[in-house]
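Read the structure below first, then the notes.
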Amino acid sequence: MLFKDRRFAGQVLAKELTAYANRPDVVVLGLPRGGVPVGFEVAKALNAPLDVLVVRKLGVPDQEELAMGAIASGGVRIVNKYIISLVKISDEIIAKVAVQEERELERRERLYRGNRPFPDLQGRIVILVDDGLATGATMWAAVVAVRKQQPAQIVIAIPVAAPETCQELEVEVDEIVCVSTPSPFHSVGLWYEDFPQTTDEEVCHLLAKAAKNGDPISLGM
């Protein structure tokens with residue numbers, strides 16, 4: 001399936017999540033940046049609060065699209081031991097990349113959240129949304145970060161993903177909802193007609209718009 005853009009992808013994805021509509025215990029977390037436009041449409045359709053969970057991929061130097069791990073809010077760091085072994089990456093290089101990405105993670109946290117605290121996820125159904133999954137490294141980190149808060153359920157929701165990534169992640173969460181799992185997959189952007197980089201301004205605008213439409217991101221705090 002080829003999606004027109006992230007907004008359309010979120011609308012299609014929301015139709016697969018109707019079981020979670022109008023439930024007071026549901027919260028939607030978009031993974032910035034690209035997951036926020038998708039998550040906005042999902043949250044709107046489900047009448048659920050929207051917030052962000054900041055994650056950053058740890059890319060292999062000179063091959064940044066290849067993830068050797070990821071970090072997430074709350075001090076979470078995961079590594080892909082297979083990739084690290086395959087390309088022979090030292091602990092020093094991993095630490096250097098992690099420091100750089102932690103600075104960007106902290107910058108985005110300040111920009112997107114300001115003084116607003118992270119939502120209380122204990123006992124809630126958390127729907128993690130991104131615009132697509134290739135290796136799934138950032139989603140892995142997001143799941144680990146959310147699990148630390150003892151939610152009732154963790155649901156991964158994405159428009160498109162590599163089939164093997166879905167298979168690997170589905171054993172780690174309560175449910176994974178994916179509209180399309182094409183093979184061969186290659187990259188997320190191939191499955192969108194319009195796939196520009198989501199900007200910080202767009203993320204902030206959508207969070208503010210979600211809050212204005214019923215103050216959803218303050219719920220459960």
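Chain labels run A, B, ... following the order of the structure tokens; each chain numbers its residues from 1, and ligands are numbered from 1 in the order shown.
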
Taking 2 positions as the minimum chain separation for residues in the same chain, which residues sit within 12 Å of A:Ile93 when counting only C-alpha atoms? Answer as a PyMOL selection string. chain A and resi 58-62+68+84+87-91+95-100

Using only C-alpha atoms, determine which residues lie at most 6 Å from stretch 144-161 of chain A, disregarding the query and same-chain residues fewer than 2 positions distant; provide the list as a ChimeraX atom specification. /A:9,13,121-134,141-142,173-181

Quick one: write out the picked residues with N, CA, C and O atoms as a short mmCIF file (atom, residue, chain, number, x, y, z; two decimals), in the first residue's frame?
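Dumped to selection_1.cif:
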```cif
data_model
loop_
_atom_site.label_atom_id
_atom_site.label_comp_id
_atom_site.auth_asym_id
_atom_site.auth_seq_id
_atom_site.Cartn_x
_atom_site.Cartn_y
_atom_site.Cartn_z
N ALA A 9 -1.85 8.40 6.33
CA ALA A 9 -1.44 7.14 6.95
C ALA A 9 -2.02 7.01 8.35
O ALA A 9 -2.47 5.93 8.76
N LEU A 13 -4.51 4.14 9.67
CA LEU A 13 -4.10 3.37 10.84
C LEU A 13 -5.16 3.43 11.94
O LEU A 13 -5.43 2.42 12.61
N LEU A 121 1.98 6.91 33.02
CA LEU A 121 1.52 5.80 32.18
C LEU A 121 1.15 4.55 32.98
O LEU A 121 0.67 3.57 32.39
N GLN A 122 1.32 4.58 34.27
CA GLN A 122 1.02 3.40 35.07
C GLN A 122 -0.45 3.02 34.95
O GLN A 122 -1.34 3.84 35.14
N GLY A 123 -0.68 1.76 34.60
CA GLY A 123 -2.03 1.24 34.49
C GLY A 123 -2.79 1.67 33.25
O GLY A 123 -3.98 1.38 33.12
N ARG A 124 -2.11 2.33 32.32
CA ARG A 124 -2.80 2.82 31.13
C ARG A 124 -2.45 1.98 29.91
O ARG A 124 -1.47 1.22 29.90
N ILE A 125 -3.27 2.11 28.89
CA ILE A 125 -3.00 1.48 27.60
C ILE A 125 -2.22 2.50 26.77
O ILE A 125 -2.74 3.57 26.45
N VAL A 126 -1.00 2.17 26.43
CA VAL A 126 -0.12 3.09 25.70
C VAL A 126 0.00 2.64 24.25
O VAL A 126 0.42 1.51 23.98
N ILE A 127 -0.38 3.52 23.33
CA ILE A 127 -0.26 3.24 21.91
C ILE A 127 0.92 4.02 21.37
O ILE A 127 0.90 5.25 21.34
N LEU A 128 1.97 3.31 20.98
CA LEU A 128 3.18 3.91 20.43
C LEU A 128 3.06 4.00 18.92
O LEU A 128 2.85 2.98 18.25
N VAL A 129 3.22 5.21 18.38
CA VAL A 129 2.98 5.42 16.95
C VAL A 129 4.23 6.00 16.28
O VAL A 129 4.84 6.94 16.79
N ASP A 130 4.58 5.44 15.14
CA ASP A 130 5.63 6.01 14.29
C ASP A 130 5.13 5.96 12.86
O ASP A 130 4.09 5.35 12.57
N ASP A 131 5.87 6.61 11.94
CA ASP A 131 5.43 6.61 10.54
C ASP A 131 5.83 5.35 9.79
O ASP A 131 5.38 5.10 8.68
N GLY A 132 6.67 4.53 10.40
CA GLY A 132 7.08 3.27 9.80
C GLY A 132 8.26 2.69 10.54
O GLY A 132 8.93 3.39 11.31
N LEU A 133 8.51 1.41 10.33
CA LEU A 133 9.61 0.73 11.01
C LEU A 133 10.46 -0.02 10.00
O LEU A 133 9.96 -0.83 9.23
N ALA A 134 11.75 0.29 10.03
CA ALA A 134 12.70 -0.48 9.21
C ALA A 134 13.38 -1.49 10.13
O ALA A 134 12.94 -2.62 10.25
N ALA A 141 13.57 0.92 21.80
CA ALA A 141 13.91 1.80 22.92
C ALA A 141 12.66 2.40 23.54
O ALA A 141 12.57 2.53 24.77
N ALA A 142 11.69 2.75 22.71
CA ALA A 142 10.44 3.32 23.21
C ALA A 142 9.69 2.31 24.08
O ALA A 142 9.16 2.66 25.14
N VAL A 173 5.38 -6.86 23.01
CA VAL A 173 4.26 -5.97 23.38
C VAL A 173 2.96 -6.77 23.39
O VAL A 173 2.91 -7.94 22.99
N ASP A 174 1.91 -6.11 23.85
CA ASP A 174 0.61 -6.79 23.93
C ASP A 174 -0.05 -6.91 22.56
O ASP A 174 -0.76 -7.88 22.30
N GLU A 175 0.19 -5.92 21.70
CA GLU A 175 -0.39 -5.97 20.36
C GLU A 175 0.44 -5.10 19.43
O GLU A 175 0.97 -4.07 19.84
N ILE A 176 0.57 -5.53 18.19
CA ILE A 176 1.19 -4.69 17.18
C ILE A 176 0.22 -4.59 16.01
O ILE A 176 -0.30 -5.60 15.52
N VAL A 177 -0.07 -3.36 15.61
CA VAL A 177 -1.01 -3.10 14.53
C VAL A 177 -0.25 -2.43 13.40
O VAL A 177 0.28 -1.32 13.57
N CYS A 178 -0.17 -3.11 12.27
CA CYS A 178 0.55 -2.57 11.13
C CYS A 178 -0.32 -2.74 9.89
O CYS A 178 -0.78 -3.85 9.60
N VAL A 179 -0.55 -1.64 9.18
CA VAL A 179 -1.42 -1.68 8.01
C VAL A 179 -0.80 -2.47 6.88
O VAL A 179 -1.46 -3.26 6.21
N SER A 180 0.50 -2.28 6.67
CA SER A 180 1.16 -2.90 5.52
C SER A 180 2.55 -3.40 5.90
O SER A 180 3.31 -2.70 6.57
N THR A 181 2.89 -4.62 5.45
CA THR A 181 4.22 -5.18 5.68
C THR A 181 4.79 -5.68 4.36
O THR A 181 4.88 -6.89 4.12
#
```

Under the rule that only C-alpha atoms are counted, which of A:Val28, A:Met139, A:Val203, A:Val52 is the nearest residue to A:Arg116? A:Val52

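Here the strand (DSSP E) residues in stretch 118-209 of chain A, by DSSP on the backbone, are A:Ile125, A:Val126, A:Ile127, A:Leu128, A:Val129, A:Gln153, A:Ile154, A:Val155, A:Ile156, A:Ala157, A:Ile158, A:Pro159, A:Val160, A:Glu175, A:Ile176, A:Val177, A:Cys178, A:Val179, A:Ser180.
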
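Of the listed residues A:Ala45, A:Val76, A:Cys166, A:Val55, the one whose atoms come nearest to A:Ala210 is A:Ala45, with distances taken using only C-alpha atoms.
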
Those of stretch 134-189 of chain A in DSSP helix (DSSP H, G or I), formatted as a PyMOL selection string: chain A and resi 137-147+163-170+188-189

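Nearest to A:Phe3 of all the residues A:Leu207, A:Ala137, A:Val54, A:Val38 is A:Val38, counting only C-alpha atoms.
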
Just want the 12 Å neighbourhood of A:Thr199, counted on only C-alpha atoms, with same-chain residues fewer than 4 positions away dropped. Output as a ChimeraX atom specification. /A:32-37,108,111-112,195,203-206

Within 9 Å of A:Ala67, counting only C-alpha atoms, which residues qualify if same-chain residues fewer than 2 places away don't, as a PyMOL selection string? chain A and resi 57-60+63-65+69-70+79-80+83+135-138

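In this model, the gap between atom CA of A:Phe185 and atom CA of A:Arg7 comes to 20.9 Å.
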
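For the atom pair formed by atom CA of A:Pro24 and atom CA of A:Phe40, the distance is 17.0 Å, given to one decimal.
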